[in-house]
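*Asks:* Got a file for you: my_file-v1.pdb, PDB, C-alpha atoms and all ligand atoms.
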ATOM      1  CA  MET A   1      62.780 148.320 -62.375
ATOM      2  CA  CYS A   2      61.488 146.084 -65.124
ATOM      3  CA  ALA A   3      60.022 142.614 -64.834
ATOM      4  CA  GLY A   4      61.854 140.124 -67.021
ATOM      5  CA  THR A   5      65.506 139.746 -67.663
ATOM      6  CA  VAL A   6      67.241 140.971 -70.766
ATOM      7  CA  ASN A   7      68.440 137.991 -72.730
ATOM      8  CA  GLU A   8      71.922 138.573 -74.144
ATOM      9  CA  MET A   9      71.482 135.519 -76.396
ATOM     10  CA  SER A  10      68.362 136.851 -78.147
ATOM     11  CA  ALA A  11      67.790 135.937 -81.785
ATOM     12  CA  TRP A  12      67.054 139.576 -82.633
ATOM     13  CA  LYS A  13      68.635 142.907 -81.822
ATOM     14  CA  ALA A  14      66.341 145.862 -81.118
ATOM     15  CA  ILE A  15      67.103 149.507 -81.918
ATOM     16  CA  SER A  16      68.090 151.477 -78.833
ATOM     17  CA  GLY A  17      65.178 152.296 -76.500
ATOM     18  CA  LEU A  18      62.608 150.340 -78.526
ATOM     19  CA  GLN A  19      59.171 150.401 -76.920
ATOM     20  CA  ILE A  20      56.663 147.761 -78.016
ATOM     21  CA  ALA A  21      53.077 148.322 -76.862
ATOM     22  CA  ILE A  22      50.637 145.395 -76.874
ATOM     23  CA  ASP A  23      47.005 146.018 -75.975
ATOM     24  CA  GLY A  24      43.941 143.833 -76.031
ATOM     25  CA  PRO A  25      41.131 142.351 -73.967
ATOM     26  CA  SER A  26      41.471 139.514 -71.421
ATOM     27  CA  GLY A  27      42.597 136.239 -72.900
ATOM     28  CA  SER A  28      43.743 137.732 -76.201
ATOM     29  CA  GLY A  29      47.138 136.149 -75.549
ATOM     30  CA  LYS A  30      48.966 139.416 -75.000
ATOM     31  CA  GLY A  31      50.725 138.356 -71.777
ATOM     32  CA  THR A  32      52.259 135.213 -73.253
ATOM     33  CA  ILE A  33      53.055 136.952 -76.527
ATOM     34  CA  ALA A  34      54.683 139.903 -74.747
ATOM     35  CA  LYS A  35      56.977 137.522 -72.843
ATOM     36  CA  MET A  36      57.959 135.621 -75.998
ATOM     37  CA  LEU A  37      58.596 138.820 -77.960
ATOM     38  CA  ALA A  38      60.658 140.284 -75.123
ATOM     39  CA  GLU A  39      62.798 137.179 -75.022
ATOM     40  CA  ALA A  40      63.252 137.181 -78.799
ATOM     41  CA  VAL A  41      64.386 140.806 -78.990
ATOM     42  CA  GLY A  42      66.210 141.003 -75.643
ATOM     43  CA  LEU A  43      63.997 143.579 -73.932
ATOM     44  CA  PRO A  44      62.439 143.571 -70.463
ATOM     45  CA  VAL A  45      58.716 142.867 -70.255
ATOM     46  CA  LEU A  46      55.993 144.486 -68.159
ATOM     47  CA  ASP A  47      52.550 142.977 -67.590
ATOM     48  CA  THR A  48      50.692 146.101 -66.488
ATOM     49  CA  GLY A  49      47.518 144.106 -65.669
ATOM     50  CA  LEU A  50      49.421 142.611 -62.751
ATOM     51  CA  LEU A  51      49.903 146.101 -61.315
ATOM     52  CA  TYR A  52      46.144 146.803 -61.427
ATOM     53  CA  ARG A  53      45.537 143.351 -59.968
ATOM     54  CA  PHE A  54      47.907 144.155 -57.103
ATOM     55  CA  ILE A  55      46.003 147.356 -56.271
ATOM     56  CA  GLY A  56      42.685 145.465 -56.564
ATOM     57  CA  TYR A  57      43.993 142.728 -54.261
ATOM     58  CA  CYS A  58      45.186 145.202 -51.599
ATOM     59  CA  SER A  59      41.841 147.041 -51.761
ATOM     60  CA  MET A  60      39.999 143.744 -51.292
ATOM     61  CA  GLN A  61      42.110 142.877 -48.284
ATOM     62  CA  GLN A  62      41.653 146.309 -46.705
ATOM     63  CA  GLY A  63      37.967 146.560 -47.602
ATOM     64  CA  ALA A  64      38.693 149.797 -49.505
ATOM     65  CA  ASP A  65      35.645 150.641 -51.622
ATOM     66  CA  ASP A  66      35.679 154.252 -52.747
ATOM     67  CA  GLU A  67      38.499 155.930 -54.646
ATOM     68  CA  ALA A  68      39.902 157.856 -51.648
ATOM     69  CA  ALA A  69      40.194 154.627 -49.650
ATOM     70  CA  VAL A  70      41.762 152.792 -52.612
ATOM     71  CA  LEU A  71      44.335 155.589 -53.096
ATOM     72  CA  ALA A  72      45.270 155.524 -49.398
ATOM     73  CA  CYS A  73      45.615 151.764 -49.571
ATOM     74  CA  MET A  74      47.693 152.108 -52.748
ATOM     75  CA  ASP A  75      50.133 154.529 -51.116
ATOM     76  CA  ALA A  76      50.639 152.117 -48.254
ATOM     77  CA  SER A  77      51.009 149.001 -50.407
ATOM     78  CA  LEU A  78      53.123 150.221 -53.349
ATOM     79  CA  GLY A  79      56.052 150.772 -50.974
ATOM     80  CA  ASP A  80      55.977 147.088 -49.927
ATOM     81  CA  MET A  81      55.774 145.856 -53.481
ATOM     82  CA  GLN A  82      58.673 144.885 -55.681
ATOM     83  CA  TRP A  83      58.255 144.375 -59.381
ATOM     84  CA  LYS A  84      61.004 142.064 -60.590
ATOM     85  CA  PRO A  85      61.622 139.122 -62.916
ATOM     86  CA  GLY A  86      58.820 136.609 -62.495
ATOM     87  CA  GLY A  87      56.192 139.022 -61.213
ATOM     88  CA  ILE A  88      55.146 140.973 -58.159
ATOM     89  CA  PHE A  89      56.775 140.289 -54.811
ATOM     90  CA  VAL A  90      55.639 141.296 -51.320
ATOM     91  CA  ASN A  91      57.980 140.511 -48.428
ATOM     92  CA  GLY A  92      60.049 138.348 -50.753
ATOM     93  CA  GLU A  93      57.051 136.225 -51.779
ATOM     94  CA  ASN A  94      55.899 136.043 -55.406
ATOM     95  CA  ILE A  95      52.144 136.657 -55.255
ATOM     96  CA  GLY A  96      51.630 136.460 -59.038
ATOM     97  CA  ASN A  97      49.542 133.269 -58.907
ATOM     98  CA  ARG A  98      47.227 134.718 -56.273
ATOM     99  CA  LEU A  99      46.856 137.895 -58.345
ATOM    100  CA  ARG A 100      45.793 135.877 -61.394
ATOM    101  CA  GLN A 101      42.723 134.385 -59.651
ATOM    102  CA  GLN A 102      39.242 135.395 -60.802
ATOM    103  CA  ASP A 103      38.201 137.291 -57.636
ATOM    104  CA  VAL A 104      41.237 139.559 -58.034
ATOM    105  CA  ALA A 105      40.449 140.139 -61.724
ATOM    106  CA  ALA A 106      37.084 141.670 -60.828
ATOM    107  CA  ALA A 107      38.670 143.893 -58.152
ATOM    108  CA  ALA A 108      41.380 144.972 -60.630
ATOM    109  CA  SER A 109      38.802 145.994 -63.203
ATOM    110  CA  ARG A 110      36.987 148.069 -60.551
ATOM    111  CA  VAL A 111      40.096 149.986 -59.392
ATOM    112  CA  ALA A 112      41.295 150.374 -63.001
ATOM    113  CA  ALA A 113      38.263 152.593 -63.644
ATOM    114  CA  MET A 114      39.448 155.109 -60.995
ATOM    115  CA  PRO A 115      41.269 158.105 -62.528
ATOM    116  CA  GLY A 116      43.509 158.639 -59.469
ATOM    117  CA  VAL A 117      44.719 155.040 -59.607
ATOM    118  CA  ARG A 118      45.434 155.332 -63.330
ATOM    119  CA  SER A 119      47.344 158.596 -63.065
ATOM    120  CA  ARG A 120      49.585 157.254 -60.295
ATOM    121  CA  LEU A 121      50.311 154.076 -62.194
ATOM    122  CA  LEU A 122      50.904 156.014 -65.421
ATOM    123  CA  HIS A 123      54.160 157.488 -64.114
ATOM    124  CA  VAL A 124      55.302 154.192 -62.622
ATOM    125  CA  GLN A 125      54.827 152.517 -66.020
ATOM    126  CA  GLN A 126      56.455 155.323 -68.034
ATOM    127  CA  ASP A 127      59.540 155.336 -65.798
ATOM    128  CA  ILE A 128      59.948 151.619 -66.178
ATOM    129  CA  ALA A 129      59.658 151.757 -69.978
ATOM    130  CA  ALA A 130      62.040 154.698 -70.415
ATOM    131  CA  ASN A 131      64.977 152.637 -71.722
ATOM    132  CA  GLY A 132      62.981 150.255 -73.878
ATOM    133  CA  CYS A 133      60.453 147.611 -73.012
ATOM    134  CA  VAL A 134      57.695 145.310 -74.175
ATOM    135  CA  MET A 135      54.583 146.382 -72.261
ATOM    136  CA  ASP A 136      51.144 144.804 -72.365
ATOM    137  CA  GLY A 137      47.853 146.175 -71.091
ATOM    138  CA  ARG A 138      44.750 148.039 -72.238
ATOM    139  CA  ASP A 139      45.910 151.621 -72.849
ATOM    140  CA  ILE A 140      49.625 151.233 -73.517
ATOM    141  CA  GLY A 141      49.664 152.360 -77.165
ATOM    142  CA  SER A 142      47.028 155.045 -76.598
ATOM    143  CA  VAL A 143      47.974 156.603 -73.219
ATOM    144  CA  VAL A 144      50.991 155.113 -71.431
ATOM    145  CA  LEU A 145      53.442 154.979 -74.359
ATOM    146  CA  PRO A 146      51.850 157.008 -77.169
ATOM    147  CA  GLY A 147      55.301 157.351 -78.763
ATOM    148  CA  ALA A 148      56.008 153.599 -78.840
ATOM    149  CA  GLN A 149      57.630 152.663 -82.162
ATOM    150  CA  ALA A 150      55.653 149.401 -82.427
ATOM    151  CA  LYS A 151      52.006 149.070 -81.377
ATOM    152  CA  PHE A 152      49.886 145.964 -81.631
ATOM    153  CA  PHE A 153      46.239 145.376 -80.740
ATOM    154  CA  LEU A 154      45.413 141.711 -80.154
ATOM    155  CA  THR A 155      41.921 140.293 -80.350
ATOM    156  CA  ALA A 156      40.301 136.841 -80.295
ATOM    157  CA  SER A 157      36.687 135.651 -80.082
ATOM    158  CA  LEU A 158      35.034 135.753 -76.645
ATOM    159  CA  ARG A 159      34.683 131.943 -76.552
ATOM    160  CA  GLU A 160      38.314 131.357 -77.455
ATOM    161  CA  ARG A 161      39.480 133.885 -74.842
ATOM    162  CA  ALA A 162      37.333 132.194 -72.179
ATOM    163  CA  ARG A 163      38.737 128.802 -73.179
ATOM    164  CA  ARG A 164      42.307 130.099 -72.825
ATOM    165  CA  ARG A 165      41.608 131.611 -69.393
ATOM    166  CA  TRP A 166      39.916 128.386 -68.295
ATOM    167  CA  SER A 167      42.910 126.323 -69.302
ATOM    168  CA  GLN A 168      45.283 128.778 -67.584
ATOM    169  CA  LEU A 169      43.263 128.485 -64.333
ATOM    170  CA  GLN A 170      43.230 124.687 -64.629
ATOM    171  CA  GLY A 171      47.009 124.854 -64.868
ATOM    172  CA  LEU A 172      47.078 126.819 -61.602
ATOM    173  CA  GLY A 173      44.929 124.120 -59.980
ATOM    174  CA  ALA A 174      41.920 126.446 -59.578
ATOM    175  CA  GLU A 175      38.297 125.256 -59.923
ATOM    176  CA  ALA A 176      36.634 127.012 -62.840
ATOM    177  CA  SER A 177      33.570 126.667 -65.050
ATOM    178  CA  LEU A 178      33.930 127.700 -68.689
ATOM    179  CA  ASP A 179      30.504 129.389 -68.746
ATOM    180  CA  ALA A 180      31.222 131.345 -65.572
ATOM    181  CA  ILE A 181      34.537 132.531 -67.030
ATOM    182  CA  LEU A 182      32.878 133.493 -70.315
ATOM    183  CA  ASN A 183      30.308 135.618 -68.466
ATOM    184  CA  GLU A 184      32.966 137.145 -66.233
ATOM    185  CA  ILE A 185      35.168 138.076 -69.236
ATOM    186  CA  ARG A 186      32.155 139.554 -71.044
ATOM    187  CA  ASP A 187      31.400 141.745 -67.992
ATOM    188  CA  ARG A 188      35.013 142.822 -67.692
ATOM    189  CA  ASP A 189      35.217 143.604 -71.418
ATOM    190  CA  THR A 190      32.244 145.920 -71.014
ATOM    191  CA  GLN A 191      33.634 147.550 -67.878
ATOM    192  CA  ASP A 192      37.126 148.016 -69.394
ATOM    193  CA  ALA A 193      35.806 149.324 -72.722
ATOM    194  CA  GLU A 194      33.115 151.637 -71.371
ATOM    195  CA  ARG A 195      34.948 153.346 -68.508
ATOM    196  CA  THR A 196      35.556 157.071 -68.922
ATOM    197  CA  HIS A 197      39.294 157.085 -68.165
ATOM    198  CA  SER A 198      41.685 155.314 -70.528
ATOM    199  CA  PRO A 199      39.216 152.684 -71.753
ATOM    200  CA  LEU A 200      40.441 149.658 -73.665
ATOM    201  CA  GLN A 201      41.001 151.059 -77.120
ATOM    202  CA  GLN A 202      43.057 150.492 -80.195
ATOM    203  CA  ALA A 203      45.538 153.301 -80.827
ATOM    204  CA  GLY A 204      45.036 154.787 -84.303
ATOM    205  CA  ASP A 205      48.517 153.678 -85.350
ATOM    206  CA  ALA A 206      48.316 150.164 -83.811
ATOM    207  CA  LEU A 207      48.263 147.084 -85.993
ATOM    208  CA  SER A 208      45.392 144.741 -85.157
ATOM    209  CA  ILE A 209      45.903 140.953 -85.095
ATOM    210  CA  ASP A 210      43.047 138.478 -84.528
ATOM    211  CA  SER A 211      44.598 135.424 -82.864
ATOM    212  CA  THR A 212      41.413 133.284 -82.661
ATOM    213  CA  THR A 213      42.701 130.689 -85.110
ATOM    214  CA  MET A 214      46.420 131.370 -84.834
ATOM    215  CA  ARG A 215      48.995 129.658 -82.662
ATOM    216  CA  ILE A 216      50.896 131.900 -80.267
ATOM    217  CA  ASP A 217      54.187 131.344 -82.118
ATOM    218  CA  GLU A 218      52.532 132.352 -85.413
ATOM    219  CA  VAL A 219      51.412 135.632 -83.867
ATOM    220  CA  VAL A 220      54.905 136.286 -82.490
ATOM    221  CA  ASP A 221      56.485 135.503 -85.897
ATOM    222  CA  ARG A 222      54.112 137.924 -87.601
ATOM    223  CA  MET A 223      55.006 140.691 -85.152
ATOM    224  CA  LEU A 224      58.729 140.042 -85.541
ATOM    225  CA  SER A 225      58.542 140.179 -89.323
ATOM    226  CA  ILE A 226      56.566 143.430 -89.215
ATOM    227  CA  MET A 227      59.155 144.992 -86.915
ATOM    228  CA  GLU A 228      62.016 143.704 -89.073
ATOM    229  CA  ARG A 229      60.434 145.262 -92.173
ATOM    230  CA  ARG A 230      60.143 148.541 -90.292
ATOM    231  CA  GLU A 231      63.833 148.279 -89.288
ATOM    232  CA  LEU A 232      63.043 148.281 -85.568
ATOM    233  CA  ILE A 233      64.810 144.947 -85.093
ATOM    234  CA  SER A 234      67.426 143.017 -87.033
ATOM    235  CA  LYS A 235      68.803 139.474 -86.842
ATOM    236  CA  ALA A 236      71.410 139.267 -84.060
TER
HETATM  237  O1  LIG B   1      45.212 141.924 -68.265
HETATM  238  P1  LIG B   1      44.591 141.592 -66.919
HETATM  239  O2  LIG B   1      43.370 140.734 -67.014
HETATM  240  O3  LIG B   1      45.598 141.034 -65.959
HETATM  241  O4  LIG B   1      44.124 143.032 -66.324
HETATM  242  C1  LIG B   1      43.471 143.152 -65.085
HETATM  243  C2  LIG B   1      42.558 144.364 -65.114
HETATM  244  O5  LIG B   1      43.348 145.559 -65.140
HETATM  245  C3  LIG B   1      41.618 144.444 -66.314
HETATM  246  O6  LIG B   1      40.261 144.499 -65.891
HETATM  247  C4  LIG B   1      41.940 145.717 -67.018
HETATM  248  C5  LIG B   1      42.869 146.462 -66.129
HETATM  249  N1  LIG B   1      44.010 147.030 -66.857
HETATM  250  C6  LIG B   1      43.896 148.325 -67.290
HETATM  251  O7  LIG B   1      42.856 148.947 -67.089
HETATM  252  N2  LIG B   1      44.955 148.923 -67.919
HETATM  253  C7  LIG B   1      46.081 148.235 -68.142
HETATM  254  N3  LIG B   1      47.107 148.841 -68.760
HETATM  255  C8  LIG B   1      46.191 146.887 -67.740
HETATM  256  C9  LIG B   1      45.133 146.296 -67.101
END
Produce structure tokens that represent the structure in this file.
*Replies:*
Amino acid sequence: MCAGTVNEMSAWKAISGLQIAIDGPSGSGKGTIAKMLAEAVGLPVLDTGLLYRFIGYCSMQQGADDEAAVLACMDASLGDMQWKPGGIFVNGENIGNRLRQQDVAAAASRVAAMPGVRSRLLHVQQDIAANGCVMDGRDIGSVVLPGAQAKFFLTASLRERARRRWSQLQGLGAEASLDAILNEIRDRDTQDAERTHSPLQQAGDALSIDSTTMRIDEVVDRMLSIMERRELISKA
């Protein structure tokens, strides 16, 4: 099941089964952009980071440290989880805001480096995207959906990404220091880019966009016009 509803009133019409892969580091804007693109073209959207955050959160709660313990914890928790419009639900409760906190981010990055976790989540993600999807993450264009017709790699300066995350956390009512976030993002960048299995990487055929000085809607417009030129979408 996909997160995000398909909007019948979308401004654009996508070719059948269109898969749009958006990768990039934390705070590059990919989550917000993926949602806006999905709405514009009438496709469901999947924030794959939330899945890794969910596994990280369950591991934290269970005190699961090594990979075998994390995998056991994952088997037990995935059955209780529902991925539906608006995020991740456990026992009917949307735990998305809890998953977006900083302590969970660090746990997510740790479990995301485990090959067993990645291979189990790979199939979950591929099944969900089978009929077309906008999917954002770190390895979507390179590993999860290598055949995606549209691939984007979003970047932004470290300071700008930290500022965005800080403002997002403020919006959630969480205490946060900009310097602490900047250091935490820098550490996570290193961990995500240097891990052996599916590191953060730009697929060879992905188009890179630096959003440091661009507004979100400008980035979305650029992506839409690229996909229109490539005849992947047309005006509805
Ligand atoms: O995008 P995010 O900050 O919510 O991601 C949380 C963590 O999950 C991040 O450290 C990288 C990892 N992740 C990943 O390894 N592969 C993905 N496809 C998505 C996220």
*Asks:* Could you state which residues are captured by the PyMOL selection byres (((chain A and resi 66-80) around 9) and not hetatm) in this file, as a ChimeraX atom specification?
*Replies:* /A:54-56,58-59,62-65,81-82,89-91,111,114-117
*Asks:* List all protein, DNA and RNA residues that have an atom no more than 8 Å from any atom of ligand LIG 1 (chain B), counting only C-alpha atoms and all ligand atoms, and report them as JSON, numbers by chain.
*Replies:* {"A": [23, 25, 26, 27, 31, 47, 48, 49, 50, 51, 52, 53, 100, 105, 106, 107, 108, 109, 110, 111, 112, 113, 118, 136, 137, 138, 139, 140, 144, 188, 189, 191, 192, 198, 199, 200]}
*Asks:* Closest to Gly147 (chain A) among A:Asp210, A:Asp187, A:Asp205, A:Asp217, using only C-alpha atoms?
*Replies:*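 Of the candidates, the smallest distance to Gly147 (chain A) is held by A:Asp205.
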*Asks:* CA of Ser28 (chain A) and CA of Arg215 (chain A), how far apart in Å?
*Replies:* 11.6 Å
*Asks:* Exactly which residues make up the result of the PyMOL selection byres (((chain A and resi 160-163) around 7) and not hetatm) on this file, given as a PyMOL selection string?
*Replies:* chain A and resi 26-28+156-159+164-167+178+181-182+185+212
*Asks:* Calculated over all atoms listed in the file, which of the candidates A:Met9, A:Gln201, A:Met223, A:Ala206 has the smallest distance to Ala34 (chain A)?
*Replies:*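 Nearest candidate to Ala34 (chain A) out of A:Met9, A:Gln201, A:Met223, A:Ala206: A:Met223.
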*Asks:* Determine the residue membership of the PyMOL selection byres (((chain A and resi 12) around 8) and not hetatm) for the file above and supply it as a compact mmCIF listing (two decimals) with C-alpha atoms, keeping the file's coordinate frame.
*Replies:*
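Output saved as part12.txt:
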# COMPACT_ATOMS: atom_id res chain seq x y z
CA SER A 10 68.36 136.85 -78.15
CA ALA A 11 67.79 135.94 -81.78
CA LYS A 13 68.64 142.91 -81.82
CA ALA A 14 66.34 145.86 -81.12
CA ALA A 40 63.25 137.18 -78.80
CA VAL A 41 64.39 140.81 -78.99
CA GLY A 42 66.21 141.00 -75.64
CA ILE A 233 64.81 144.95 -85.09
CA SER A 234 67.43 143.02 -87.03
CA LYS A 235 68.80 139.47 -86.84
CA ALA A 236 71.41 139.27 -84.06
*Asks:* Closest to Asn183 (chain A) among A:Gln102, A:Gln202, A:Val45, A:Arg222, using all atoms listed in the file?
*Replies:*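 Counting all atoms listed in the file, the residue closest to Asn183 (chain A) is A:Gln102.
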*Asks:* To one decimal place in Å, what is the distance between CA of Lys84 (chain A) and CA of Cys133 (chain A)?
*Replies:*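 Taking CA of Lys84 (chain A) as the start and CA of Cys133 (chain A) as the end point, the length is 13.6 Å.
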*Asks:* Dig up all the protein and nucleic acid residues within 12 Å of (55.5, 149.1, -77.6) in the file frame, using only C-alpha atoms, and format them as a PyMOL selection string.
*Replies:* chain A and resi 14+17-23+30+34+37-38+43-46+126+129-137+139-153+203+205-207+223+227+232
*Asks:* Expressed in Å to a single decimal, how great is the separation between CA of Ala174 (chain A) and CA of Ile95 (chain A)?
*Replies:*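 Value for the CA of Ala174 (chain A)-CA of Ile95 (chain A) distance: 15.1 Å.
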*Asks:* Find, counting only C-alpha atoms, the residue in A:Val104, A:Ser211, A:Ile15, A:Trp83 that gets nearest to Glu228 (chain A).
*Replies:*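 Distance minimum relative to Glu228 (chain A) lands on A:Ile15.
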*Asks:* Here is a test: counting only C-alpha atoms, which residue of A:Val220, A:Ser16, A:Gln101, A:Gly92 is nearest to Ala176 (chain A)?
*Replies:*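 Among the listed residues, the smallest separation from Ala176 (chain A) belongs to A:Gln101.
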*Asks:* Using all atoms listed in the file, which of A:Arg186, A:Ala193, A:Asn97, A:Thr155 sits nearest Gln168 (chain A)?
*Replies:* A:Asn97
*Asks:* Taking N, CA, C and O atoms as the atom set, what does region 6-20 of chain A look like once completed, written as a CSV table (one decimal), in the frame of the given file?
*Replies:*
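Wrote out_34.csv, looks like this:
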chain,number,residue,atom,x,y,z
A,6,VAL,N,66.9,140.7,-69.4
A,6,VAL,CA,67.2,141.0,-70.8
A,6,VAL,C,68.1,139.8,-71.2
A,6,VAL,O,69.1,139.5,-70.6
A,7,ASN,N,67.7,139.2,-72.3
A,7,ASN,CA,68.4,138.0,-72.7
A,7,ASN,C,69.5,138.4,-73.7
A,7,ASN,O,69.3,138.9,-74.8
A,8,GLU,N,70.8,138.2,-73.3
A,8,GLU,CA,71.9,138.6,-74.1
A,8,GLU,C,72.0,137.7,-75.4
A,8,GLU,O,72.7,138.0,-76.3
A,9,MET,N,71.4,136.5,-75.3
A,9,MET,CA,71.5,135.5,-76.4
A,9,MET,C,70.3,135.6,-77.3
A,9,MET,O,69.9,134.7,-78.0
A,10,SER,N,69.6,136.7,-77.3
A,10,SER,CA,68.4,136.9,-78.1
A,10,SER,C,68.7,136.7,-79.6
A,10,SER,O,69.7,137.0,-80.1
A,11,ALA,N,67.6,136.2,-80.4
A,11,ALA,CA,67.8,135.9,-81.8
A,11,ALA,C,67.8,137.2,-82.6
A,11,ALA,O,68.2,137.3,-83.7
A,12,TRP,N,67.2,138.3,-82.0
A,12,TRP,CA,67.1,139.6,-82.6
A,12,TRP,C,67.7,140.7,-81.8
A,12,TRP,O,67.8,140.6,-80.6
A,13,LYS,N,68.1,141.7,-82.5
A,13,LYS,CA,68.6,142.9,-81.8
A,13,LYS,C,67.7,144.1,-82.1
A,13,LYS,O,67.3,144.3,-83.2
A,14,ALA,N,67.3,144.7,-81.0
A,14,ALA,CA,66.3,145.9,-81.1
A,14,ALA,C,67.1,147.2,-81.2
A,14,ALA,O,68.2,147.3,-80.7
A,15,ILE,N,66.5,148.2,-81.9
A,15,ILE,CA,67.1,149.5,-81.9
A,15,ILE,C,67.1,150.0,-80.5
A,15,ILE,O,66.3,149.6,-79.7
A,16,SER,N,68.0,151.0,-80.2
A,16,SER,CA,68.1,151.5,-78.8
A,16,SER,C,66.8,152.1,-78.3
A,16,SER,O,66.1,152.9,-79.0
A,17,GLY,N,66.4,151.7,-77.1
A,17,GLY,CA,65.2,152.3,-76.5
A,17,GLY,C,63.9,151.9,-77.1
A,17,GLY,O,62.8,152.5,-76.9
A,18,LEU,N,63.9,150.8,-77.9
A,18,LEU,CA,62.6,150.3,-78.5
A,18,LEU,C,61.5,150.1,-77.5
A,18,LEU,O,61.7,149.3,-76.5
A,19,GLN,N,60.3,150.7,-77.8
A,19,GLN,CA,59.2,150.4,-76.9
A,19,GLN,C,58.1,149.7,-77.8
A,19,GLN,O,57.8,150.2,-78.9
A,20,ILE,N,57.7,148.5,-77.3
A,20,ILE,CA,56.7,147.8,-78.0
A,20,ILE,C,55.4,147.7,-77.1
A,20,ILE,O,55.5,147.2,-76.0
